[in-house]
Structure formats: structure tokens, C-alpha cells
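Text of protein_16.csv, listed as CSV, C-alpha atoms:
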```csv
chain,number,residue,atom,x,y,z
A,1,MET,CA,0.0,0.0,0.0
A,2,GLY,CA,1.1,3.5,-0.7
A,3,ASP,CA,4.0,2.6,-3.0
A,4,LYS,CA,3.9,5.0,-6.0
A,5,LYS,CA,6.1,2.8,-8.2
A,6,GLU,CA,4.3,-0.5,-8.3
A,7,SER,CA,5.9,-3.2,-10.3
A,8,PRO,CA,3.4,-4.5,-12.9
A,9,VAL,CA,4.2,-8.1,-12.1
A,10,ARG,CA,3.6,-7.8,-8.4
A,11,PRO,CA,-0.1,-8.2,-8.5
A,12,LEU,CA,0.3,-11.3,-10.7
A,13,ILE,CA,2.8,-12.8,-8.3
A,14,VAL,CA,0.7,-12.1,-5.2
A,15,LEU,CA,-2.5,-13.4,-6.8
A,16,GLY,CA,-0.7,-16.5,-8.1
A,17,ALA,CA,0.9,-17.2,-4.8
A,18,VAL,CA,-2.4,-16.9,-2.9
A,19,SER,CA,-4.1,-19.3,-5.4
A,20,VAL,CA,-1.3,-21.9,-5.2
A,21,ILE,CA,-1.3,-21.8,-1.4
A,22,SER,CA,-5.1,-22.1,-1.3
A,23,ALA,CA,-5.0,-25.0,-3.8
A,24,PHE,CA,-2.5,-26.9,-1.6
A,25,LEU,CA,-4.5,-26.2,1.5
A,26,LEU,CA,-7.7,-27.4,-0.1
A,27,THR,CA,-6.1,-30.5,-1.5
A,28,TRP,CA,-4.9,-31.4,2.0
A,29,VAL,CA,-8.4,-30.8,3.5
A,30,TYR,CA,-10.0,-32.8,0.7
A,31,ILE,CA,-7.7,-35.7,1.2
A,32,SER,CA,-8.2,-35.7,5.0
A,33,THR,CA,-12.0,-35.5,4.9
A,34,SER,CA,-12.8,-37.5,1.8
A,35,THR,CA,-12.7,-41.0,3.4
A,36,LYS,CA,-14.8,-39.7,6.3
A,37,ILE,CA,-17.3,-38.2,3.9
A,38,GLU,CA,-17.6,-41.4,1.9
A,39,TRP,CA,-18.1,-43.3,5.2
A,40,GLN,CA,-20.8,-40.9,6.3
A,41,ARG,CA,-22.7,-41.5,3.0
A,42,GLY,CA,-22.5,-45.2,3.4
A,43,GLU,CA,-23.4,-44.9,7.0
A,44,ALA,CA,-26.5,-42.8,6.2
A,45,ILE,CA,-27.7,-45.5,3.7
A,46,ASN,CA,-27.0,-48.3,6.1
A,47,SER,CA,-28.7,-46.7,9.1
A,48,SER,CA,-31.8,-46.0,7.0
A,49,LEU,CA,-31.8,-49.6,5.7
A,50,ALA,CA,-31.4,-50.9,9.3
A,51,SER,CA,-34.3,-48.7,10.4
A,52,VAL,CA,-36.8,-50.3,8.0
A,53,LEU,CA,-35.5,-53.9,8.2
A,54,PRO,CA,-34.1,-54.2,11.7
A,55,GLN,CA,-33.7,-58.0,11.5
A,56,ALA,CA,-31.0,-57.7,8.9
A,57,LYS,CA,-27.3,-57.4,9.9
A,58,ARG,CA,-26.0,-56.9,6.4
A,59,PHE,CA,-27.4,-55.6,3.1
A,60,GLU,CA,-26.6,-56.3,-0.5
A,61,LYS,CA,-27.8,-54.0,-3.3
A,62,ILE,CA,-29.4,-55.5,-6.3
A,63,GLU,CA,-27.6,-53.8,-9.2
A,64,THR,CA,-30.3,-53.2,-11.6
A,65,VAL,CA,-33.1,-51.8,-9.3
A,66,ASP,CA,-33.2,-49.9,-6.0
A,67,VAL,CA,-33.6,-53.0,-3.9
A,68,TRP,CA,-31.4,-54.1,-1.1
A,69,VAL,CA,-31.5,-57.7,0.2
A,70,GLY,CA,-31.0,-58.0,3.9
A,71,TYR,CA,-29.3,-61.0,5.6
A,72,ASP,CA,-29.1,-61.9,9.2
A,73,GLY,CA,-26.1,-62.9,11.2
A,74,GLU,CA,-26.1,-66.4,9.8
A,75,ASN,CA,-26.3,-65.1,6.3
A,76,LYS,CA,-29.9,-66.1,5.8
A,77,LYS,CA,-32.1,-63.9,3.8
A,78,VAL,CA,-34.5,-62.1,6.1
A,79,GLY,CA,-36.2,-59.6,3.7
A,80,ILE,CA,-35.7,-56.7,1.3
A,81,ALA,CA,-35.8,-53.0,1.4
A,82,PHE,CA,-36.8,-51.0,-1.7
A,83,THR,CA,-37.2,-47.3,-2.5
A,84,CYS,CA,-39.9,-45.7,-4.5
A,85,ALA,CA,-41.0,-42.1,-5.1
A,86,PRO,CA,-44.7,-41.7,-5.8
A,87,ARG,CA,-46.2,-38.4,-6.7
A,88,GLY,CA,-47.5,-36.7,-3.6
A,89,TYR,CA,-49.3,-33.3,-3.4
A,90,GLY,CA,-46.2,-31.1,-3.9
A,91,GLY,CA,-43.8,-33.4,-5.6
A,92,PRO,CA,-42.3,-36.9,-5.3
A,93,ILE,CA,-42.3,-38.5,-1.9
A,94,GLY,CA,-39.1,-40.5,-1.3
A,95,ILE,CA,-39.9,-43.8,0.5
A,96,LEU,CA,-37.7,-46.5,1.8
A,97,CYS,CA,-39.7,-49.6,2.7
A,98,GLY,CA,-38.7,-52.9,4.4
A,99,VAL,CA,-40.5,-56.1,3.8
A,100,ASP,CA,-39.9,-59.5,5.4
A,101,LEU,CA,-40.1,-62.9,3.8
A,102,GLU,CA,-43.8,-63.2,4.7
A,103,LYS,CA,-44.4,-60.1,2.7
A,104,LYS,CA,-45.2,-58.1,5.7
A,105,VAL,CA,-43.9,-54.6,6.0
A,106,THR,CA,-41.2,-54.2,8.7
A,107,GLY,CA,-40.8,-50.5,8.5
A,108,ILE,CA,-40.9,-47.5,6.3
A,109,ARG,CA,-38.9,-44.3,6.2
A,110,ILE,CA,-39.8,-41.1,4.3
A,111,ALA,CA,-37.4,-38.5,3.1
A,112,SER,CA,-37.4,-35.3,5.1
A,113,ALA,CA,-37.8,-31.8,3.7
A,114,ALA,CA,-34.0,-31.4,3.7
A,115,GLU,CA,-33.9,-34.6,1.5
A,116,GLY,CA,-36.3,-33.1,-1.0
A,117,LEU,CA,-39.8,-33.7,0.5
A,118,LYS,CA,-42.2,-31.1,-1.0
A,119,GLU,CA,-45.3,-31.9,1.0
A,120,THR,CA,-47.0,-29.1,3.0
A,121,PRO,CA,-45.5,-28.9,6.5
A,122,GLY,CA,-48.2,-29.7,9.0
A,123,LEU,CA,-50.4,-31.5,6.5
A,124,GLY,CA,-48.8,-33.8,3.9
A,125,ALA,CA,-45.5,-33.8,5.6
A,126,LYS,CA,-47.1,-35.6,8.5
A,127,VAL,CA,-46.6,-38.8,6.5
A,128,ARG,CA,-43.2,-38.7,8.1
A,129,GLU,CA,-44.6,-39.0,11.6
A,130,ALA,CA,-44.5,-42.2,13.5
A,131,ASP,CA,-48.3,-42.3,14.0
A,132,PHE,CA,-48.8,-42.7,10.3
A,133,ARG,CA,-45.8,-44.9,9.5
A,134,GLN,CA,-46.3,-47.3,12.4
A,135,GLN,CA,-49.6,-48.3,10.8
A,136,PHE,CA,-47.8,-50.2,8.0
A,137,ILE,CA,-45.7,-52.4,10.3
A,138,GLY,CA,-46.8,-56.0,10.2
A,139,LYS,CA,-49.4,-55.4,7.5
A,140,GLU,CA,-49.7,-57.7,4.5
A,141,ARG,CA,-49.9,-56.4,1.0
A,142,ASP,CA,-53.7,-56.4,0.7
A,143,GLU,CA,-54.2,-54.7,4.0
A,144,ILE,CA,-52.2,-51.7,2.8
A,145,ARG,CA,-55.0,-49.6,1.4
A,146,LEU,CA,-56.6,-46.5,2.9
A,147,LYS,CA,-59.6,-47.4,5.2
A,148,SER,CA,-61.9,-45.6,2.8
A,149,GLU,CA,-60.9,-48.2,0.2
A,150,GLY,CA,-61.3,-51.2,2.5
A,151,GLY,CA,-57.8,-51.3,3.8
A,152,LYS,CA,-56.3,-50.8,7.3
A,153,ILE,CA,-54.4,-47.5,6.9
A,154,ALA,CA,-55.9,-44.4,8.3
A,155,ALA,CA,-55.3,-41.4,6.1
A,156,ILE,CA,-54.0,-38.2,7.7
A,157,THR,CA,-56.8,-35.6,8.0
A,158,GLY,CA,-56.5,-33.0,5.3
A,159,ALA,CA,-53.8,-34.9,3.5
A,160,THR,CA,-55.5,-37.7,1.7
A,161,ILE,CA,-53.4,-37.3,-1.5
A,162,SER,CA,-50.1,-37.7,0.4
A,163,SER,CA,-51.5,-40.6,2.5
A,164,LYS,CA,-52.8,-42.3,-0.6
A,165,ALA,CA,-49.6,-41.8,-2.5
A,166,VAL,CA,-47.5,-43.5,0.2
A,167,THR,CA,-50.0,-46.3,0.7
A,168,GLU,CA,-50.4,-47.2,-3.0
A,169,ALA,CA,-46.6,-47.0,-3.6
A,170,VAL,CA,-45.8,-49.3,-0.8
A,171,ARG,CA,-48.4,-51.9,-2.0
A,172,GLU,CA,-47.2,-51.6,-5.6
A,173,GLY,CA,-43.6,-51.9,-4.5
A,174,ILE,CA,-44.3,-55.1,-2.7
A,175,THR,CA,-45.9,-56.5,-5.8
A,176,ARG,CA,-43.1,-55.3,-8.1
A,177,TYR,CA,-40.2,-56.6,-6.0
A,178,GLU,CA,-41.9,-59.9,-4.8
A,179,GLU,CA,-39.4,-62.0,-6.8
A,180,PHE,CA,-36.5,-60.9,-4.5
A,181,LEU,CA,-38.3,-62.3,-1.5
A,182,ARG,CA,-38.1,-65.9,-2.7
B,1,MET,CA,-5.8,8.0,10.9
B,2,ILE,CA,-5.9,11.0,13.1
B,3,ARG,CA,-9.1,9.9,14.9
B,4,ARG,CA,-8.5,8.6,18.4
B,5,ARG,CA,-8.0,4.9,18.4
B,6,PRO,CA,-11.1,3.2,19.8
B,7,SER,CA,-10.6,0.7,22.6
B,8,ARG,CA,-10.1,-2.9,21.5
B,9,LEU,CA,-13.1,-4.1,23.4
B,10,LYS,CA,-15.2,-1.8,21.2
B,11,TYR,CA,-14.2,-3.8,18.1
B,12,LEU,CA,-15.5,-6.9,19.7
B,13,LEU,CA,-18.7,-5.5,21.2
B,14,ASP,CA,-19.7,-3.3,18.2
B,15,GLY,CA,-20.5,-6.4,16.2
B,16,ILE,CA,-22.9,-7.7,18.7
B,17,ILE,CA,-25.0,-4.6,19.3
B,18,LEU,CA,-24.1,-1.2,17.7
B,19,GLU,CA,-22.9,-2.7,14.4
B,20,ASN,CA,-24.9,-5.9,14.5
B,21,PRO,CA,-24.6,-7.2,10.9
B,22,ILE,CA,-28.3,-8.2,10.6
B,23,LEU,CA,-30.2,-5.7,12.7
B,24,ILE,CA,-28.1,-2.6,12.3
B,25,LEU,CA,-26.0,-2.9,9.2
B,26,MET,CA,-28.8,-4.9,7.5
B,27,ILE,CA,-26.5,-7.2,5.6
B,28,GLY,CA,-26.5,-11.0,5.4
B,29,LEU,CA,-30.3,-11.1,5.5
B,30,CYS,CA,-30.7,-13.8,3.0
B,31,PRO,CA,-29.0,-16.6,5.0
B,32,ALA,CA,-30.5,-15.2,8.1
B,33,LEU,CA,-34.0,-15.8,6.8
B,34,ALA,CA,-33.3,-19.1,5.1
B,35,THR,CA,-31.3,-20.9,7.7
B,36,SER,CA,-33.1,-19.9,10.8
B,37,LEU,CA,-35.8,-22.5,10.7
B,38,THR,CA,-34.6,-24.3,13.9
B,39,ALA,CA,-32.3,-23.4,16.7
B,40,ARG,CA,-29.8,-26.0,15.5
B,41,ASP,CA,-29.7,-24.7,11.9
B,42,GLY,CA,-29.4,-21.1,13.1
B,43,LEU,CA,-26.6,-21.9,15.4
B,44,GLY,CA,-24.8,-24.1,12.9
B,45,MET,CA,-25.0,-21.5,10.1
B,46,GLY,CA,-23.8,-18.8,12.6
B,47,VAL,CA,-20.8,-20.8,13.7
B,48,ALA,CA,-19.9,-21.7,10.1
B,49,ALA,CA,-20.1,-18.1,8.9
B,50,SER,CA,-18.2,-16.9,12.0
B,51,PHE,CA,-15.4,-19.3,11.4
B,52,VAL,CA,-15.1,-17.9,7.8
B,53,ILE,CA,-15.3,-14.2,9.0
B,54,ILE,CA,-12.7,-14.7,11.7
B,55,THR,CA,-10.2,-16.7,9.7
B,56,SER,CA,-10.4,-14.6,6.5
B,57,ASN,CA,-10.1,-11.4,8.6
B,58,ILE,CA,-6.9,-12.8,10.2
B,59,ILE,CA,-5.3,-13.9,7.0
B,60,ILE,CA,-6.3,-10.8,5.1
B,61,SER,CA,-4.9,-8.6,7.8
B,62,LEU,CA,-1.7,-10.6,7.9
B,63,ILE,CA,-1.0,-10.2,4.2
B,64,ARG,CA,-2.5,-6.7,3.8
B,65,LYS,CA,0.8,-5.0,3.3
B,66,ILE,CA,1.9,-7.3,0.4
B,67,VAL,CA,-1.3,-7.3,-1.5
B,68,PRO,CA,-1.5,-4.6,-4.1
B,69,ASP,CA,-4.7,-2.5,-4.1
B,70,ASN,CA,-5.7,-3.5,-7.6
B,71,VAL,CA,-5.9,-7.2,-7.0
B,72,ARG,CA,-7.2,-7.1,-3.4
B,73,ILE,CA,-10.7,-8.1,-4.2
B,74,PRO,CA,-9.7,-11.3,-6.1
B,75,VAL,CA,-7.3,-12.1,-3.3
B,76,PHE,CA,-10.0,-11.7,-0.7
B,77,ILE,CA,-12.4,-13.9,-2.7
B,78,ILE,CA,-9.8,-16.7,-3.0
B,79,ILE,CA,-9.1,-16.6,0.7
B,80,ILE,CA,-12.7,-16.5,1.7
B,81,SER,CA,-13.7,-19.3,-0.7
B,82,THR,CA,-10.8,-21.4,0.6
B,83,PHE,CA,-12.2,-21.2,4.2
B,84,VAL,CA,-15.8,-21.8,3.0
B,85,THR,CA,-14.6,-24.9,1.2
B,86,ILE,CA,-12.9,-26.1,4.4
B,87,VAL,CA,-16.2,-25.5,6.3
B,88,ASP,CA,-18.1,-27.3,3.6
B,89,TYR,CA,-15.9,-30.5,3.7
B,90,THR,CA,-15.8,-30.5,7.5
B,91,LEU,CA,-19.5,-30.3,7.8
B,92,GLN,CA,-20.0,-33.0,5.3
B,93,ALA,CA,-17.6,-35.2,7.2
B,94,TYR,CA,-18.6,-34.6,10.7
B,95,GLN,CA,-22.1,-33.0,10.7
B,96,PRO,CA,-23.9,-34.6,7.7
B,97,ALA,CA,-27.4,-33.9,9.1
B,98,LEU,CA,-26.7,-30.2,9.6
B,99,TYR,CA,-25.0,-30.0,6.2
B,100,GLN,CA,-28.2,-31.4,4.6
B,101,ALA,CA,-30.3,-28.9,6.4
B,102,LEU,CA,-28.2,-25.9,5.5
B,103,GLY,CA,-27.9,-27.0,1.9
B,104,VAL,CA,-26.8,-24.4,-0.6
B,105,PHE,CA,-26.3,-21.8,2.1
B,106,VAL,CA,-23.0,-23.3,3.2
B,107,PRO,CA,-21.2,-22.6,-0.2
B,108,LEU,CA,-23.1,-19.3,-0.4
B,109,ILE,CA,-21.1,-18.0,2.6
B,110,VAL,CA,-18.6,-17.1,-0.1
B,111,VAL,CA,-20.8,-14.2,-1.3
B,112,ASN,CA,-22.1,-13.3,2.2
B,113,CYS,CA,-21.8,-9.5,2.4
B,114,ILE,CA,-20.6,-9.6,6.0
B,115,VAL,CA,-17.4,-11.6,5.1
B,116,LEU,CA,-16.3,-9.5,2.1
B,117,GLY,CA,-17.5,-6.4,3.9
B,118,ARG,CA,-15.3,-7.0,6.9
B,119,ALA,CA,-12.3,-7.9,4.7
B,120,GLU,CA,-12.6,-4.7,2.7
B,121,ALA,CA,-13.8,-2.3,5.5
B,122,PHE,CA,-11.7,-3.6,8.4
B,123,ALA,CA,-9.1,-6.3,8.0
B,124,TYR,CA,-7.4,-4.7,5.0
B,125,ARG,CA,-6.8,-1.6,7.2
B,126,HIS,CA,-6.2,-2.9,10.7
B,127,GLY,CA,-3.8,-5.2,12.6
B,128,VAL,CA,-4.2,-8.9,13.0
B,129,PHE,CA,-5.5,-8.9,16.6
B,130,ASP,CA,-8.0,-6.1,16.0
B,131,SER,CA,-9.2,-7.9,12.9
B,132,PHE,CA,-9.6,-11.0,14.9
B,133,LEU,CA,-11.7,-9.2,17.4
B,134,ASP,CA,-13.7,-7.5,14.7
B,135,GLY,CA,-14.4,-10.8,13.0
B,136,LEU,CA,-15.3,-12.5,16.3
B,137,GLY,CA,-17.7,-9.6,17.2
B,138,LYS,CA,-19.4,-9.6,13.8
B,139,GLY,CA,-19.6,-13.4,13.9
B,140,LEU,CA,-21.1,-13.4,17.4
B,141,GLY,CA,-23.6,-10.8,16.4
B,142,PHE,CA,-24.7,-12.8,13.3
B,143,THR,CA,-24.8,-16.1,15.3
B,144,LEU,CA,-26.8,-14.5,18.1
B,145,ILE,CA,-29.6,-13.2,15.8
B,146,LEU,CA,-29.7,-16.5,13.8
B,147,PHE,CA,-29.9,-18.5,17.0
B,148,VAL,CA,-32.6,-16.3,18.5
B,149,MET,CA,-34.6,-16.4,15.2
B,150,GLY,CA,-34.2,-20.2,14.9
B,151,THR,CA,-35.2,-20.8,18.5
B,152,ALA,CA,-38.3,-18.6,18.1
B,153,ARG,CA,-39.4,-20.1,14.8
B,154,GLU,CA,-38.8,-23.6,15.9
B,155,PHE,CA,-40.7,-23.0,19.1
B,156,LEU,CA,-43.6,-21.2,17.6
B,157,ALA,CA,-44.0,-23.7,14.8
B,158,GLY,CA,-43.9,-26.9,16.8
B,159,GLY,CA,-43.2,-26.2,20.5
B,160,THR,CA,-39.7,-27.7,20.3
B,161,PHE,CA,-36.1,-26.6,21.2
B,162,PHE,CA,-33.3,-28.4,19.4
B,163,SER,CA,-35.9,-30.9,18.2
B,164,LYS,CA,-36.8,-31.7,21.8
B,165,SER,CA,-40.2,-31.1,23.2
B,166,VAL,CA,-40.3,-28.3,25.8
B,167,GLY,CA,-43.5,-29.7,27.3
B,168,ILE,CA,-46.1,-27.3,25.9
B,169,GLU,CA,-48.6,-29.6,24.4
B,170,PHE,CA,-50.8,-26.9,23.0
B,171,LEU,CA,-48.0,-25.6,20.7
B,172,GLN,CA,-47.1,-29.1,19.6
B,173,LYS,CA,-50.6,-29.7,18.3
B,174,ASN,CA,-51.4,-26.2,17.1
B,175,GLY,CA,-48.0,-24.8,16.1
B,176,ILE,CA,-48.0,-21.6,14.1
B,177,LEU,CA,-46.7,-23.2,10.9
B,178,PHE,CA,-46.6,-19.8,9.3
B,179,MET,CA,-43.4,-19.2,11.3
B,180,ILE,CA,-41.3,-21.7,9.3
B,181,PHE,CA,-42.3,-20.3,6.0
B,182,PRO,CA,-40.5,-17.3,4.5
B,183,PRO,CA,-43.1,-14.7,5.6
B,184,GLY,CA,-42.6,-15.8,9.2
B,185,GLY,CA,-38.9,-15.1,8.9
B,186,PHE,CA,-39.7,-11.6,7.5
B,187,LEU,CA,-42.1,-10.9,10.2
B,188,LEU,CA,-39.7,-12.0,13.0
B,189,ILE,CA,-36.8,-10.0,11.6
B,190,GLY,CA,-39.1,-7.0,11.3
B,191,LEU,CA,-40.1,-7.4,14.9
B,192,LEU,CA,-36.5,-7.7,16.1
B,193,LYS,CA,-35.5,-4.6,14.0
B,194,ALA,CA,-38.4,-2.7,15.6
B,195,LEU,CA,-37.2,-3.7,19.1
B,196,VAL,CA,-33.7,-2.6,18.2
B,197,ASN,CA,-34.9,0.8,16.8
B,198,LYS,CA,-36.7,1.4,20.0
B,199,TYR,CA,-34.0,0.5,22.5
B,200,VAL,CA,-30.7,1.0,20.8
B,201,LYS,CA,-29.7,4.6,20.3
B,202,LEU,CA,-27.4,5.1,17.3
B,203,GLU,CA,-25.1,8.1,17.2
```
For the structure just supplied, provide its representation as C-alpha cells.
Amino acid sequence: MGDKKESPVRPLIVLGAVSVISAFLLTWVYISTSTKIEWQRGEAINSSLASVLPQAKRFEKIETVDVWVGYDGENKKVGIAFTCAPRGYGGPIGILCGVDLEKKVTGIRIASAAEGLKETPGLGAKVREADFRQQFIGKERDEIRLKSEGGKIAAITGATISSKAVTEAVREGITRYEEFLR
Amino acid sequence: MIRRRPSRLKYLLDGIILENPILILMIGLCPALATSLTARDGLGMGVAASFVIITSNIIISLIRKIVPDNVRIPVFIIIISTFVTIVDYTLQAYQPALYQALGVFVPLIVVNCIVLGRAEAFAYRHGVFDSFLDGLGKGLGFTLILFVMGTAREFLAGGTFFSKSVGIEFLQKNGILFMIFPPGGFLLIGLLKALVNKYVKLE
């Protein structure tokens, strides 16, 4: 600052030096966090899978579709978990659903707003709440319909579209991925 | 500078009240509205931004004598974005849930007016320790408002604090959902500003 006779290359050198130092620093930060970040991503998937199919100790992804097969400690197949994304009221509803070998639902998990859920908070977004989700556990495929349609799932008041989207998608998913349960 | 040198404590305290970035300087409003949905988000965003303000203030102040005037802005931006990227990776690695919730607002700290504003208006003209205090003060002021807003919005919308119930069943059942939508944020920031205008006398 204040120097009247600035050399024309000095700005270049300073800018270049700052960039190079920054690049080295970021490379180091990237290397030291990347394994942890990868691990966190894997962990996020695994903990969601475990939450919908608690009997399973280990999961294997089916390559062609979004289905994971769960195995217990003795390597016996105990069920599957699949994802689906039916159209709700505001956009797709991301669902992860676990099903055991008797084709009964073991648990479902629904993406949060931060994960892209567009349902109205307080109405459609209530599909995430335990009260709604618990209803699916232990139900067979044909019981998974809204009560108004002869099933056993009570729709959320004021959010029939979201409730129906989840219910239908879970039932259809079980039908679609039945083959992996054998 | 001929002006009498203000006490160092003033650098620190100014950021919290008399020069609070959000309520007095009225900068950094966008992240303040968008990331104050819950107490955790507000606090997380505040801490992340404070880290960037403090570290970039220190580095810029350290190298201020060798950085020529005509390239100072690009140099500031490189330094700021370096620290933002460090925050980004660190959050991804150690606070994935918070990272998900803050979303695009973490990388957007790069263009947060508070950070570049402090670099240009303060760190480029002051010593390292003063710049550190200034950054700390502005960071605390920003964090404080985000935390207050996040706490209020989370509480009014669902009767919780850090996602834990505070035992007011009425609010849990009849939360004012409006508060977690953007208008709720505007309303709250307006109310806070009104309070400040009433009680804080500016010279």
C-alpha cells in the first residue's frame, strides 16, 4: 500500500501465490476428509436400511433396481428394502420400505424436507410422523390400502393425497419386487 | 488516521450490538431468513459463517501489506472461498445432518456480504489482533440473531427446542406453521428490528 512505483508483475505474483497456497491447503483438506465423507454417506444409507428392516445385519444392493436384500447374522435372507418415489401433493415422496419374507412390512422411512420432500409442512409432511408410519408395520400387502378403500391404513386428516400416494406406492412396491423375497 | 484509536473491546462489542450485521448494518439477511428454521440450523450457520469471517479477517490482515490494491478483491475472494470450502468439507464429514439442512447456504457464505464487507472495510486496514476481534464480534452478532430467530421459529411452529419437546402440548398440536415459511422469517426479523430501533440509540 502507498507505493507509488508499483511493479506491474507484483499483482500477478501475489494473486498467483495466494491461489497456489489455497489450492495446496484445499487438497490437503479434501484428502483428509474424503474418506470420512464417503463413510458418512455409506453410514447414512446403512442406518436407513437398518431402520426399516431391523432383523438384517448386512445388506446387499441389487444392481439393476433400487432394492437391497437383507441378511441376518447367519447369512440367511430375512427380507428386502426398496425405494420408491410416488407423486404426492407437492412433488415426489421418497420412500424406503422394508418387507420380510412373509411379505409383511417391517418399517418405512420417508425422506425429510431437507432430503427433498415437498409436501406441505403440518399436513402432507405428516406422512413422516411415526403415528402414520407405524400403521404399516406388520401389515400384508392387501391390507395396505386406505380405510376408505377397504384397507387398514388411516389417512392423515387433510392430507388424503399424500397418504394415498404413500400407501399405494408401498403396496405396488411389494408386488413389483416380490421376486426378490423368494 | 488521526481519529483517536477506539478501545479494542469496542471492536468486539460493536459487532454484537451497535454494528450488528443483521439488525443494524442490515447485511447477510438472505442466509438469516433461510437458515433460521430451527435453533440448530441457526446456530450451525452462525458458527460456520463466524469461522469464515474470523479466519479470513486474520489472513487478510496478515497479508494486507503485500497485497497490491488493484488485486485485493480477487485475493479476498480466494481466501474467503478457501475457508468456505474447508467448512463445507468439514460439515459433510462430521455433521452430515446439519450439512443437509443448510444445503446451498454453506457454499453461499462465499458471497455473504458480511465476510467480504469486513475484509474490505476492516481487515485490510487494521492489525491482526484487531481484525480477529472485529471478526469475532461480527460473527457473534450474526450467530446470536440466527440463533434467536431459529429458536423462536422452531418453538412457535412446533413447541420444540433443538428438536426436543419443551412440554407445551398446546403448541405441539397447534404450532404456528406460518413461522417456518419465509413470511414468518420476514415478520420476525421486522419485529427484532423494531425492538432494536426502540431501544438501541445510534449516534
Worksheet item: So, counting all atoms listed in the file, which residue among B:Gly103, B:Gly167, B:Gly150, B:Gly141 is closest to chain A?
Response: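 For chain A, the nearest of the given residues is B:Gly103.
The coordinates place CA of Val104 (chain B) at 23.4 Å from CA of Ile95 (chain A).
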Please give the centre and size of the box around region 136-140 of chain B (axis-aligned, containing every atom listed in the file, 3 Å added per side), with values in Å to one decimal and written as AutoDock Vina command-line options.
```
--center_x -18.2 --center_y -11.5 --center_z 15.6 --size_x 11.8 --size_y 9.8 --size_z 9.6
```
Discussion item. As an NGL selection string, could you give me every residue of chain A near chain B (at most 12 Å apart, counting all atoms listed in the file)?
Written reply: :A and (1-44 or 111-116 or 120-123 or 125-126)
Go ahead and write the selection's residues with C-alpha atoms as a CSV table (one decimal), in the frame of the given file.
```
chain,number,residue,atom,x,y,z
A,1,MET,CA,0.0,0.0,0.0
A,2,GLY,CA,1.1,3.5,-0.7
A,3,ASP,CA,4.0,2.6,-3.0
A,4,LYS,CA,3.9,5.0,-6.0
A,5,LYS,CA,6.1,2.8,-8.2
A,6,GLU,CA,4.3,-0.5,-8.3
A,7,SER,CA,5.9,-3.2,-10.3
A,8,PRO,CA,3.4,-4.5,-12.9
A,9,VAL,CA,4.2,-8.1,-12.1
A,10,ARG,CA,3.6,-7.8,-8.4
A,11,PRO,CA,-0.1,-8.2,-8.5
A,12,LEU,CA,0.3,-11.3,-10.7
A,13,ILE,CA,2.8,-12.8,-8.3
A,14,VAL,CA,0.7,-12.1,-5.2
A,15,LEU,CA,-2.5,-13.4,-6.8
A,16,GLY,CA,-0.7,-16.5,-8.1
A,17,ALA,CA,0.9,-17.2,-4.8
A,18,VAL,CA,-2.4,-16.9,-2.9
A,19,SER,CA,-4.1,-19.3,-5.4
A,20,VAL,CA,-1.3,-21.9,-5.2
A,21,ILE,CA,-1.3,-21.8,-1.4
A,22,SER,CA,-5.1,-22.1,-1.3
A,23,ALA,CA,-5.0,-25.0,-3.8
A,24,PHE,CA,-2.5,-26.9,-1.6
A,25,LEU,CA,-4.5,-26.2,1.5
A,26,LEU,CA,-7.7,-27.4,-0.1
A,27,THR,CA,-6.1,-30.5,-1.5
A,28,TRP,CA,-4.9,-31.4,2.0
A,29,VAL,CA,-8.4,-30.8,3.5
A,30,TYR,CA,-10.0,-32.8,0.7
A,31,ILE,CA,-7.7,-35.7,1.2
A,32,SER,CA,-8.2,-35.7,5.0
A,33,THR,CA,-12.0,-35.5,4.9
A,34,SER,CA,-12.8,-37.5,1.8
A,35,THR,CA,-12.7,-41.0,3.4
A,36,LYS,CA,-14.8,-39.7,6.3
A,37,ILE,CA,-17.3,-38.2,3.9
A,38,GLU,CA,-17.6,-41.4,1.9
A,39,TRP,CA,-18.1,-43.3,5.2
A,40,GLN,CA,-20.8,-40.9,6.3
A,41,ARG,CA,-22.7,-41.5,3.0
A,42,GLY,CA,-22.5,-45.2,3.4
A,43,GLU,CA,-23.4,-44.9,7.0
A,44,ALA,CA,-26.5,-42.8,6.2
A,111,ALA,CA,-37.4,-38.5,3.1
A,112,SER,CA,-37.4,-35.3,5.1
A,113,ALA,CA,-37.8,-31.8,3.7
A,114,ALA,CA,-34.0,-31.4,3.7
A,115,GLU,CA,-33.9,-34.6,1.5
A,116,GLY,CA,-36.3,-33.1,-1.0
A,120,THR,CA,-47.0,-29.1,3.0
A,121,PRO,CA,-45.5,-28.9,6.5
A,122,GLY,CA,-48.2,-29.7,9.0
A,123,LEU,CA,-50.4,-31.5,6.5
A,125,ALA,CA,-45.5,-33.8,5.6
A,126,LYS,CA,-47.1,-35.6,8.5
```
Practice prompt. Between CA of Val111 (chain B) and CA of Ala152 (chain B), measure the distance and give it in Å to one decimal.
Written response: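 It comes out at 26.5 Å.
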Worksheet item: To one decimal place, how far is CA of Val84 (chain B) from CA of Pro107 (chain B) in Å?
Response: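 Computing it gives 6.3 Å between the two atoms.
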Discussion item. Given all atoms listed in the file as the basis, pick out the residue of B:Ser7, B:Thr151, B:Asn112, B:Gln172 nearest to Gly185 (chain B).
Written reply: B:Thr151
Discussion item. Show me, as an MDAnalysis selection string, the residues that have an atom within 9 Å of Ile153 (chain A) when counting all atoms listed in the file, minus same-chain residues fewer than 4 positions from it.
Written reply: chainID A and resid 132 135:136 143:148 163 167
Worksheet entry | Shell around region 45-57 of chain B at 6 Å using all atoms listed in the file, local window under 3 positions removed, as number ranges by chain | B: 41-42, 60-61, 80, 83, 115, 119, 123, 131-132, 135-136, 139, 143
Fill in: Given all atoms listed in the file as the counted atoms, nearest of B:Gly137, B:Gly190, B:Pro182, B:Pro21 to Thr35 (chain B)
B:Pro182
Discussion item. Could you check the closest approach to Lys138 (chain B) for each of B:Leu9, B:Gly15, B:Ile59, B:His126 and tell me which residue wins, using only C-alpha atoms?
Written reply: B:Gly15
Item to complete: Skip Glu74 (chain A) itself and residues of its chain fewer than 4 positions away, then list as a VMD selection string all residues within 12 Å of it, counting all atoms listed in the file.
Response: chain A and resid 55 to 58 70 78
Worksheet item: Could you name the residues that touch Lys104 (chain A) at 8 Å or less, counting all atoms listed in the file, but leaving out those on the same chain fewer than 3 positions away, as an NGL selection string?
Response: :A and (99-101 or 137-141)
